[in-house]
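> Structure file coords_8.pdb (PDB, C-alpha atoms) right here:
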ATOM      1  CA  MET A 273      -5.132 -62.363  -9.236
ATOM      2  CA  ASN A 274      -4.128 -62.524  -5.595
ATOM      3  CA  ALA A 275      -4.950 -59.514  -3.505
ATOM      4  CA  LEU A 276      -1.970 -57.552  -2.184
ATOM      5  CA  ASN A 277      -1.373 -58.067   1.509
ATOM      6  CA  SER A 278      -0.408 -55.240   3.835
ATOM      7  CA  ARG A 279       3.309 -56.098   3.745
ATOM      8  CA  GLN A 280       3.327 -55.966  -0.087
ATOM      9  CA  LEU A 281       1.266 -52.763  -0.220
ATOM     10  CA  SER A 282       3.185 -50.751   2.386
ATOM     11  CA  PRO A 283       6.259 -49.984   0.154
ATOM     12  CA  LEU A 284       3.936 -48.639  -2.558
ATOM     13  CA  VAL A 285       1.996 -46.484  -0.098
ATOM     14  CA  SER A 286       5.241 -45.265   1.462
ATOM     15  CA  LEU A 287       6.653 -44.381  -1.970
ATOM     16  CA  ALA A 288       3.454 -42.526  -2.894
ATOM     17  CA  PHE A 289       3.507 -40.550   0.342
ATOM     18  CA  LYS A 290       7.157 -39.601  -0.069
ATOM     19  CA  THR A 291       6.762 -38.685  -3.768
ATOM     20  CA  ILE A 292       3.725 -36.503  -3.133
ATOM     21  CA  GLY A 293       5.463 -34.990  -0.127
ATOM     22  CA  ILE A 294       8.549 -34.033  -2.158
ATOM     23  CA  ILE A 295       6.371 -32.501  -4.890
ATOM     24  CA  MET A 296       4.422 -30.504  -2.296
ATOM     25  CA  ILE A 297       7.699 -29.180  -0.900
ATOM     26  CA  VAL A 298       9.482 -28.408  -4.166
ATOM     27  CA  GLY A 299       6.497 -26.804  -5.936
ATOM     28  CA  PRO A 300       5.844 -24.014  -3.402
ATOM     29  CA  ILE A 301       9.571 -23.352  -2.986
ATOM     30  CA  LEU A 302       9.838 -22.813  -6.754
ATOM     31  CA  ASP A 303       6.847 -20.453  -6.536
ATOM     32  CA  MET A 304       8.581 -18.491  -3.776
ATOM     33  CA  ILE A 305      11.663 -18.141  -5.996
ATOM     34  CA  ILE A 306      10.020 -17.494  -9.385
ATOM     35  CA  LEU A 307       6.939 -15.378  -8.597
ATOM     36  CA  PRO A 308       8.836 -12.402  -7.060
ATOM     37  CA  PHE A 309      11.077 -12.125 -10.165
ATOM     38  CA  PRO A 310      12.493  -9.619 -11.102
ATOM     39  CA  TYR A 311      14.090  -9.091  -7.721
ATOM     40  CA  GLU A 312      13.996  -5.576  -6.242
ATOM     41  CA  PHE A 313      15.582  -5.823  -2.830
ATOM     42  CA  GLN A 314      15.600  -2.034  -2.382
ATOM     43  CA  ASN A 315      11.829  -1.815  -2.953
ATOM     44  CA  ARG A 316       9.846  -2.203   0.279
ATOM     45  CA  GLU A 317       6.612  -2.924  -1.582
ATOM     46  CA  TRP A 318       8.315  -5.750  -3.475
ATOM     47  CA  ILE A 319       9.675  -7.145  -0.194
ATOM     48  CA  VAL A 320       6.235  -7.077   1.443
ATOM     49  CA  GLU A 321       4.627  -8.739  -1.574
ATOM     50  CA  SER A 322       7.350 -11.407  -1.732
ATOM     51  CA  ILE A 323       6.912 -12.225   1.950
ATOM     52  CA  SER A 324       3.159 -12.492   1.402
ATOM     53  CA  VAL A 325       3.778 -15.002  -1.400
ATOM     54  CA  ALA A 326       6.116 -17.028   0.831
ATOM     55  CA  VAL A 327       3.574 -17.089   3.657
ATOM     56  CA  ASP A 328       0.653 -17.958   1.366
ATOM     57  CA  ARG A 329       2.612 -20.949   0.004
ATOM     58  CA  GLY A 330       4.007 -21.950   3.404
ATOM     59  CA  PHE A 331       1.295 -24.362   4.518
ATOM     60  CA  VAL A 332       1.739 -26.710   1.546
ATOM     61  CA  PRO A 333       5.352 -27.786   2.352
ATOM     62  CA  MET A 334       4.259 -28.496   5.935
ATOM     63  CA  PHE A 335       1.757 -31.018   4.631
ATOM     64  CA  GLY A 336       4.429 -32.414   2.302
ATOM     65  CA  ILE A 337       6.831 -32.936   5.221
ATOM     66  CA  SER A 338       4.043 -34.693   7.112
ATOM     67  CA  LEU A 339       3.509 -37.044   4.178
ATOM     68  CA  ILE A 340       7.228 -37.893   4.049
ATOM     69  CA  LEU A 341       7.211 -38.650   7.773
ATOM     70  CA  ALA A 342       4.090 -40.761   7.294
ATOM     71  CA  GLY A 343       5.859 -42.675   4.531
ATOM     72  CA  ALA A 344       8.838 -43.289   6.812
ATOM     73  CA  TRP A 345       6.483 -44.473   9.540
ATOM     74  CA  ILE A 346       4.884 -46.960   7.108
ATOM     75  CA  ASP A 347       8.376 -48.245   6.252
ATOM     76  CA  SER A 348       9.083 -48.791   9.936
ATOM     77  CA  LEU A 349       5.877 -50.798  10.318
ATOM     78  CA  ALA A 350       6.744 -53.005   7.368
ATOM     79  CA  THR A 351      10.072 -54.167   8.809
ATOM     80  CA  THR A 352      11.282 -55.329  12.167
ATOM     81  CA  GLU A 353      14.961 -54.893  11.331
ATOM     82  CA  PRO A 354      16.848 -52.203  13.278
ATOM     83  CA  LYS A 355      17.920 -49.031  11.503
ATOM     84  CA  SER A 356      21.300 -49.398   9.837
ATOM     85  CA  SER A 357      21.472 -46.575   7.257
ATOM     86  CA  PRO A 358      23.211 -43.279   8.206
ATOM     87  CA  LEU A 359      21.176 -40.189   9.002
ATOM     88  CA  TRP A 360      22.074 -38.378   5.772
ATOM     89  CA  ARG A 361      20.324 -41.109   3.776
ATOM     90  CA  SER A 362      17.077 -40.805   5.701
ATOM     91  CA  PHE A 363      14.164 -38.911   4.106
ATOM     92  CA  SER A 364      12.582 -38.306   7.472
ATOM     93  CA  PHE A 365      15.792 -36.819   8.943
ATOM     94  CA  TRP A 366      16.149 -34.287   6.124
ATOM     95  CA  SER A 367      12.451 -33.502   6.331
ATOM     96  CA  LEU A 368      12.903 -32.623   9.996
ATOM     97  CA  ILE A 369      15.944 -30.487   9.160
ATOM     98  CA  LEU A 370      13.888 -28.712   6.480
ATOM     99  CA  ALA A 371      11.044 -28.156   8.945
ATOM    100  CA  THR A 372      13.497 -26.607  11.403
ATOM    101  CA  LEU A 373      14.876 -24.315   8.688
ATOM    102  CA  PHE A 374      11.354 -23.296   7.685
ATOM    103  CA  ALA A 375      10.591 -22.471  11.327
ATOM    104  CA  ALA A 376      13.626 -20.173  11.543
ATOM    105  CA  VAL A 377      12.844 -18.563   8.180
ATOM    106  CA  TYR A 378       9.234 -17.783   9.067
ATOM    107  CA  MET A 379      10.232 -16.331  12.423
ATOM    108  CA  LEU A 380      12.624 -13.997  10.596
ATOM    109  CA  LEU A 381       9.984 -13.193   7.973
ATOM    110  CA  THR A 382       7.552 -12.230  10.740
ATOM    111  CA  ILE A 383       9.972  -9.632  12.076
ATOM    112  CA  PHE A 384      11.071  -8.472   8.623
ATOM    113  CA  HIS A 385       7.492  -8.135   7.390
ATOM    114  CA  THR A 386       6.445  -6.126  10.442
ATOM    115  CA  VAL A 387       9.334  -3.685  10.021
ATOM    116  CA  ASN A 388       8.696  -3.177   6.301
ATOM    117  CA  VAL A 389       4.916  -2.775   6.605
ATOM    118  CA  LEU A 390       5.290  -0.162   9.361
ATOM    119  CA  SER A 391       7.950   1.645   7.337
ATOM    120  CA  LEU A 392       5.694   1.642   4.261
ATOM    121  CA  GLN A 393       2.822   2.957   6.361
ATOM    122  CA  ASN A 394       4.939   5.834   7.671
ATOM    123  CA  GLU A 395       6.208   6.628   4.173
ATOM    124  CA  ARG A 396       2.697   6.604   2.744
ATOM    125  CA  ILE A 397       1.328   8.817   5.526
ATOM    126  CA  ALA A 398       4.223  11.255   5.043
ATOM    127  CA  SER A 399       3.629  11.260   1.280
ATOM    128  CA  ILE A 400      -0.071  11.991   1.801
ATOM    129  CA  ALA A 401       0.818  14.875   4.124
ATOM    130  CA  ASP A 402       3.251  16.268   1.513
ATOM    131  CA  GLU A 403       0.601  16.012  -1.216
ATOM    132  CA  ALA A 404      -1.905  17.808   1.023
ATOM    133  CA  ALA A 405       0.640  20.565   1.711
ATOM    134  CA  GLN A 406       1.293  20.940  -2.028
ATOM    135  CA  ALA A 407      -2.443  21.105  -2.722
ATOM    136  CA  THR A 408      -2.798  23.811  -0.031
ATOM    137  CA  ASP A 409       0.066  25.808  -1.553
ATOM    138  CA  GLN A 410      -1.498  25.518  -5.009
ATOM    139  CA  LEU A 411      -4.840  26.676  -3.619
ATOM    140  CA  GLU A 412      -3.209  29.687  -1.963
ATOM    141  CA  SER A 413      -1.313  30.559  -5.146
ATOM    142  CA  GLN A 414      -4.437  30.229  -7.272
ATOM    143  CA  ILE A 415      -6.505  32.449  -4.947
ATOM    144  CA  ASP A 416      -3.764  35.080  -4.686
ATOM    145  CA  ALA A 417      -3.334  35.077  -8.463
ATOM    146  CA  GLU A 418      -7.075  35.502  -9.039
ATOM    147  CA  ILE A 419      -7.304  38.399  -6.567
ATOM    148  CA  GLY A 420      -4.220  40.065  -8.055
ATOM    149  CA  GLN A 421      -5.553  39.614 -11.570
ATOM    150  CA  ARG A 422      -8.938  41.045 -10.624
ATOM    151  CA  ARG A 423      -7.334  44.008  -8.854
ATOM    152  CA  GLN A 424      -5.103  44.677 -11.870
ATOM    153  CA  GLN A 425      -8.068  44.529 -14.249
ATOM    154  CA  VAL A 426      -9.983  47.056 -12.142
ATOM    155  CA  GLU A 427      -7.026  49.412 -11.924
ATOM    156  CA  GLN A 428      -6.399  49.207 -15.671
ATOM    157  CA  MET A 429     -10.044  49.893 -16.457
ATOM    158  CA  LEU A 430     -10.062  52.893 -14.111
ATOM    159  CA  GLN A 431      -7.098  54.305 -16.058
ATOM    160  CA  ASP A 432      -8.745  53.624 -19.435
ATOM    161  CA  GLU A 433      -9.576  56.938 -21.131
ATOM    162  CA  GLN A 434     -12.394  55.388 -23.158
ATOM    163  CA  LEU A 435     -14.031  54.157 -19.960
ATOM    164  CA  GLN A 436     -13.626  57.609 -18.424
ATOM    165  CA  GLN A 437     -15.487  59.151 -21.362
ATOM    166  CA  ILE A 438     -18.237  56.528 -21.098
ATOM    167  CA  LEU A 439     -18.736  57.178 -17.404
ATOM    168  CA  GLN A 440     -18.761  60.982 -17.808
ATOM    169  CA  ASP A 441     -21.646  61.013 -20.312
ATOM    170  CA  GLU A 442     -24.828  59.193 -19.281
ATOM    171  CA  GLN A 443     -26.064  58.903 -22.856
ATOM    172  CA  VAL A 444     -22.750  57.433 -24.035
ATOM    173  CA  ARG A 445     -22.791  55.061 -21.032
ATOM    174  CA  GLU A 446     -26.273  53.782 -21.892
ATOM    175  CA  GLN A 447     -25.225  53.305 -25.498
ATOM    176  CA  ALA A 448     -22.078  51.391 -24.458
ATOM    177  CA  ILE A 449     -24.166  49.153 -22.193
ATOM    178  CA  ALA A 450     -26.625  48.499 -25.037
ATOM    179  CA  GLN A 451     -23.741  47.595 -27.381
ATOM    180  CA  GLY A 452     -22.145  45.267 -24.800
ATOM    181  CA  VAL A 453     -19.013  47.332 -24.458
ATOM    182  CA  ILE A 454     -19.511  47.312 -20.700
ATOM    183  CA  SER A 455     -22.074  45.699 -18.438
ATOM    184  CA  ALA A 456     -24.519  47.750 -16.425
ATOM    185  CA  GLU A 457     -23.085  46.271 -13.238
ATOM    186  CA  ASP A 458     -19.523  47.247 -14.150
ATOM    187  CA  ALA A 459     -20.616  50.707 -15.251
ATOM    188  CA  GLU A 460     -22.363  51.281 -11.948
ATOM    189  CA  ARG A 461     -19.438  49.862  -9.999
ATOM    190  CA  PHE A 462     -16.816  51.977 -11.779
ATOM    191  CA  GLN A 463     -19.003  55.061 -11.444
ATOM    192  CA  SER A 464     -19.093  54.472  -7.691
ATOM    193  CA  PHE A 465     -15.301  54.128  -7.704
ATOM    194  CA  GLN A 466     -15.028  57.543  -9.356
ATOM    195  CA  ASP A 467     -17.554  59.166  -7.052
ATOM    196  CA  ASP A 468     -16.020  57.627  -3.919
ATOM    197  CA  PRO A 469     -12.465  56.188  -4.203
ATOM    198  CA  GLU A 470     -12.999  54.393  -0.880
ATOM    199  CA  GLN A 471     -15.464  52.101  -2.651
ATOM    200  CA  LEU A 472     -12.518  50.573  -4.517
ATOM    201  CA  ASN A 473     -11.035  49.453  -1.211
ATOM    202  CA  VAL A 474     -14.430  48.089  -0.179
ATOM    203  CA  PHE A 475     -14.635  46.158  -3.458
ATOM    204  CA  ILE A 476     -11.136  44.733  -3.036
ATOM    205  CA  GLN A 477     -11.934  43.784   0.560
ATOM    206  CA  GLY A 478     -15.045  42.007  -0.682
ATOM    207  CA  LEU A 479     -12.919  40.038  -3.123
ATOM    208  CA  GLU A 480     -10.542  39.087  -0.316
ATOM    209  CA  ASP A 481     -13.430  38.038   1.944
ATOM    210  CA  GLN A 482     -14.820  35.906  -0.841
ATOM    211  CA  ALA A 483     -11.397  34.425  -1.449
ATOM    212  CA  GLU A 484     -11.059  33.687   2.267
ATOM    213  CA  GLY A 485     -14.278  31.680   2.137
ATOM    214  CA  VAL A 486     -13.000  29.739  -0.860
ATOM    215  CA  ARG A 487      -9.677  29.244   0.928
ATOM    216  CA  THR A 488     -11.357  27.891   4.079
ATOM    217  CA  GLU A 489     -13.600  25.565   2.086
ATOM    218  CA  GLY A 490     -10.673  24.288   0.027
ATOM    219  CA  GLN A 491      -8.459  23.748   3.063
ATOM    220  CA  THR A 492     -11.272  21.866   4.814
ATOM    221  CA  GLU A 493     -11.756  19.620   1.792
ATOM    222  CA  ILE A 494      -8.013  18.984   1.528
ATOM    223  CA  GLY A 495      -7.860  18.161   5.248
ATOM    224  CA  VAL A 496     -10.774  15.716   4.972
ATOM    225  CA  ARG A 497      -9.202  13.961   1.972
ATOM    226  CA  ARG A 498      -5.845  13.799   3.763
ATOM    227  CA  GLU A 499      -7.423  12.277   6.876
ATOM    228  CA  GLU A 500      -9.335   9.713   4.813
ATOM    229  CA  ALA A 501      -6.230   8.762   2.835
ATOM    230  CA  GLN A 502      -4.131   8.411   6.003
ATOM    231  CA  ASN A 503      -6.824   6.307   7.680
ATOM    232  CA  ASN A 504      -6.951   4.084   4.584
ATOM    233  CA  ALA A 505      -3.158   3.741   4.725
ATOM    234  CA  ARG A 506      -3.322   2.680   8.377
ATOM    235  CA  THR A 507      -6.153   0.234   7.649
ATOM    236  CA  ASP A 508      -4.294  -1.323   4.706
ATOM    237  CA  ALA A 509      -1.156  -1.649   6.815
ATOM    238  CA  PHE A 510      -3.091  -3.264   9.661
ATOM    239  CA  ARG A 511      -4.673  -5.797   7.287
ATOM    240  CA  ALA A 512      -1.356  -6.651   5.646
ATOM    241  CA  LEU A 513       0.380  -6.833   9.013
ATOM    242  CA  SER A 514      -2.227  -8.925  10.808
ATOM    243  CA  ARG A 515      -2.932 -11.413   8.015
ATOM    244  CA  VAL A 516       0.642 -12.176   7.022
ATOM    245  CA  THR A 517       2.163 -11.870  10.495
ATOM    246  CA  ILE A 518      -0.345 -14.182  12.166
ATOM    247  CA  SER A 519       0.023 -16.758   9.390
ATOM    248  CA  SER A 520       3.812 -16.500   9.551
ATOM    249  CA  VAL A 521       3.837 -17.013  13.323
ATOM    250  CA  ILE A 522       1.540 -20.032  12.950
ATOM    251  CA  LEU A 523       3.838 -21.474  10.294
ATOM    252  CA  ALA A 524       6.926 -20.906  12.436
ATOM    253  CA  LEU A 525       5.302 -22.626  15.414
ATOM    254  CA  GLY A 526       4.020 -25.497  13.279
ATOM    255  CA  TYR A 527       7.327 -26.132  11.555
ATOM    256  CA  GLY A 528       9.179 -25.710  14.829
ATOM    257  CA  LEU A 529       6.972 -28.214  16.600
ATOM    258  CA  ILE A 530       7.491 -30.776  13.840
ATOM    259  CA  GLY A 531      11.197 -30.123  13.299
ATOM    260  CA  TRP A 532      12.514 -29.632  16.831
ATOM    261  CA  THR A 533      10.382 -32.341  18.406
ATOM    262  CA  GLY A 534      11.122 -34.767  15.580
ATOM    263  CA  LEU A 535      14.885 -34.178  15.656
ATOM    264  CA  ARG A 536      14.993 -34.628  19.415
ATOM    265  CA  LEU A 537      13.161 -37.929  19.154
ATOM    266  CA  TYR A 538      15.199 -38.962  16.117
ATOM    267  CA  LEU A 539      18.538 -38.328  17.809
ATOM    268  CA  ARG A 540      17.367 -40.224  20.869
ATOM    269  CA  GLY A 541      16.582 -43.178  18.630
ATOM    270  CA  THR A 542      12.894 -43.230  19.527
ATOM    271  CA  LEU A 543      11.705 -42.165  16.080
TER     272      LEU A 543
END
Since I need it in another form, could you write the structure as structure tokens?

Amino acid sequence: MNALNSRQLSPLVSLAFKTIGIIMIVGPILDMIILPFPYEFQNREWIVESISVAVDRGFVPMFGISLILAGAWIDSLATTEPKSSPLWRSFSFWSLILATLFAAVYMLLTIFHTVNVLSLQNERIASIADEAAQATDQLESQIDAEIGQRRQQVEQMLQDEQLQQILQDEQVREQAIAQGVISAEDAERFQSFQDDPEQLNVFIQGLEDQAEGVRTEGQTEIGVRREEAQNNARTDAFRALSRVTISSVILALGYGLIGWTGLRLYLRGTL
């Protein structure tokens, strides 16, 4: 079997380059269309994720366009005849048009992605602040309810006739403590309330001071969690913004360099 010479082999190599190039262009484009389905154009998170998919797949079509141009270059080496076919029938011409379109698309995606990521960051930070405010309100309500409940319990017990009888007779009081009707601490406390009504105000003030400590501790914890969550939101936004934006700018420049330079040379007849 005779070995293939370079002139016989070049059409096969050119065809292989062009076929692989078309596959490498069509495949990622289909991914960009299918993977974001179902479409949610009003959802900023969906938009950001879809742009990320488009950017992640964007380098493969660039290589595919390069293969098509390489195949066209091999065709030009295999023949010395001048070009006679119209532009619209040229693979390389449409590849350059596609590269130019990709350049414009990725420039727009860079801007669009930046706007949406910053908007999502602001929304997330505002949501975290709202959640922290709700948690603070719940803490305040819980503390106020506990103090009110405790105050009401004390006032009801002070008005309880059975308790009054227990406190008036030491023997009955000791018997009630032994039977678990009332604790020794409560008996002593309520006795002090009867002996000195001002002690009730002191007790209530103690409850409020204790509640204030719980309130301060809870507010500090809520503030720390809010700050951590907001910092995480800013960090996530920075990562998403820097990774996708830088890649998108690189893609726009790469496609632009191939498309605009190639079209200029093509229209001048030097390509």
> Can you work out which one of A:Ile305, A:Ala505, A:Ala405, A:Met296 has the shortest atom-to-atom distance to Val332 (chain A), counting only C-alpha atoms?
A:Met296
> When you draw a straight line from CA of Val521 (chain A) to CA of Val327 (chain A), how long is it in Å?
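Interatomic distance, CA of Val521 (chain A) to CA of Val327 (chain A): 9.7 Å.
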> Using only C-alpha atoms, which of the listed residues (A:Thr372, A:Ser322, A:Gln314, A:Gln393) sits closest to Asn503 (chain A)?
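Nearest candidate to Asn503 (chain A) out of A:Thr372, A:Ser322, A:Gln314, A:Gln393: A:Gln393.
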> Pick out the closest residue to Ala401 (chain A) from this set: A:Asn315, A:Gln502, A:Thr533, A:Ser514. Count all atoms listed in the file.
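That would be A:Gln502, the residue with the smallest distance to Ala401 (chain A).
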> Just want the 12 Å neighbourhood of Gln410 (chain A), counted on only C-alpha atoms, with same-chain residues fewer than 5 positions away dropped. Output as a PyMOL selection string.
chain A and resi 403-405+415-417+487+490-491+494
> What's the 12 Å shell around Gln482 (chain A), counting only C-alpha atoms, without same-chain residues fewer than 6 positions away, as a tab-separated table (two decimals) with C-alpha atoms, keeping the file's coordinate frame?

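Dumped to around-v3.tsv:
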chain	number	residue	atom	x	y	z
A	415	ILE	CA	-6.50	32.45	-4.95
A	416	ASP	CA	-3.76	35.08	-4.69
A	418	GLU	CA	-7.08	35.50	-9.04
A	419	ILE	CA	-7.30	38.40	-6.57
A	475	PHE	CA	-14.64	46.16	-3.46
A	476	ILE	CA	-11.14	44.73	-3.04
A	488	THR	CA	-11.36	27.89	4.08
A	489	GLU	CA	-13.60	25.56	2.09
> Quote the spacing between CA of Ile397 (chain A) and CA of His385 (chain A) in Å to one decimal place.
18.1 Å
> Using all atoms listed in the file, pick whichever of A:Gly478, A:Glu484, A:Glu317, A:Ala342 has the shortest atom-to-atom distance to Glu412 (chain A).
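Using all atoms listed in the file, Glu412 (chain A) sits closest to A:Glu484.
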> Any chance you could work out the residue set of the PyMOL selection byres ((chain A and resi 377) around 12) here, as a ChimeraX atom specification?
/A:323,326-327,330,370-376,378-385,520-521,523-525,527-528
> Skipping near chain neighbours, those fewer than 4 positions away, what residues fall within 8 Å of Phe335 (chain A) using all atoms listed in the file, listed as a PyMOL selection string?
chain A and resi 293+296+331+339
> Which residue gives the smallest distance to Gly343 (chain A) among A:Ile294, A:Ile518, A:Leu537, A:Leu392, with only C-alpha atoms counted?
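Closest residue, counting only C-alpha atoms: A:Ile294.
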> Would you please work out which residue, of A:Leu307, A:Ile530, A:Ile301, A:Ile346, is nearest to Ser367 (chain A) when using all atoms listed in the file?
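The shortest atom-to-atom distance to Ser367 (chain A) comes from A:Ile530.
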> I'd like the residues picked by the PyMOL selection byres ((chain A and resi 366) around 12) written out as a PyMOL selection string, using the chain letters and numbers from the file.
chain A and resi 294+337+340-341+344+358-365+367-373+531+534-535+538
> Just the number, please: distance in Å from CA of Gln477 (chain A) to CA of Gln421 (chain A), one decimal.
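Those two atoms sit 14.3 Å apart.
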> Could I see region 488-496 of chain A restored to all heavy atoms, set down as a CSV table (one decimal), in the coordinates of the input?

chain,number,residue,atom,x,y,z
A,488,THR,N,-11.0,28.7,2.9
A,488,THR,CA,-11.4,27.9,4.1
A,488,THR,C,-12.0,26.6,3.6
A,488,THR,O,-11.7,25.5,4.1
A,488,THR,CB,-12.3,28.7,5.0
A,488,THR,OG1,-11.7,29.9,5.4
A,488,THR,CG2,-12.7,27.8,6.2
A,489,GLU,N,-12.9,26.7,2.6
A,489,GLU,CA,-13.6,25.6,2.1
A,489,GLU,C,-12.6,24.6,1.5
A,489,GLU,O,-12.7,23.4,1.7
A,489,GLU,CB,-14.7,26.0,1.1
A,489,GLU,CG,-15.5,24.8,0.5
A,489,GLU,CD,-16.5,25.3,-0.5
A,489,GLU,OE1,-16.6,26.6,-0.7
A,489,GLU,OE2,-17.2,24.5,-1.1
A,490,GLY,N,-11.7,25.1,0.7
A,490,GLY,CA,-10.7,24.3,0.0
A,490,GLY,C,-9.8,23.6,1.0
A,490,GLY,O,-9.5,22.4,0.9
A,491,GLN,N,-9.3,24.3,2.0
A,491,GLN,CA,-8.5,23.7,3.1
A,491,GLN,C,-9.2,22.7,3.8
A,491,GLN,O,-8.6,21.6,4.2
A,491,GLN,CB,-8.0,24.8,4.0
A,491,GLN,CG,-6.9,25.8,3.4
A,491,GLN,CD,-6.5,26.9,4.3
A,491,GLN,OE1,-7.2,27.2,5.3
A,491,GLN,NE2,-5.5,27.6,4.0
A,492,THR,N,-10.5,22.9,4.1
A,492,THR,CA,-11.3,21.9,4.8
A,492,THR,C,-11.4,20.6,4.0
A,492,THR,O,-11.2,19.5,4.5
A,492,THR,CB,-12.7,22.4,5.1
A,492,THR,OG1,-12.6,23.6,5.9
A,492,THR,CG2,-13.5,21.4,5.9
A,493,GLU,N,-11.6,20.8,2.7
A,493,GLU,CA,-11.8,19.6,1.8
A,493,GLU,C,-10.4,18.9,1.7
A,493,GLU,O,-10.4,17.6,1.7
A,493,GLU,CB,-12.2,20.1,0.4
A,493,GLU,CG,-12.4,18.9,-0.6
A,493,GLU,CD,-12.9,19.4,-1.9
A,493,GLU,OE1,-13.2,20.7,-2.1
A,493,GLU,OE2,-13.0,18.6,-2.9
A,494,ILE,N,-9.3,19.6,1.6
A,494,ILE,CA,-8.0,19.0,1.5
A,494,ILE,C,-7.7,18.2,2.8
A,494,ILE,O,-7.2,17.1,2.8
A,494,ILE,CB,-6.9,20.0,1.3
A,494,ILE,CG1,-7.1,20.6,-0.1
A,494,ILE,CG2,-5.5,19.5,1.5
A,494,ILE,CD1,-6.2,21.8,-0.4
A,495,GLY,N,-8.1,18.8,4.0
A,495,GLY,CA,-7.9,18.2,5.2
A,495,GLY,C,-8.7,16.9,5.4
A,495,GLY,O,-8.2,15.9,5.9
A,496,VAL,N,-9.9,16.9,4.9
A,496,VAL,CA,-10.8,15.7,5.0
A,496,VAL,C,-10.2,14.6,4.1
A,496,VAL,O,-10.1,13.4,4.5
A,496,VAL,CB,-12.2,16.1,4.5
A,496,VAL,CG1,-13.0,14.8,4.4
A,496,VAL,CG2,-12.9,17.0,5.6
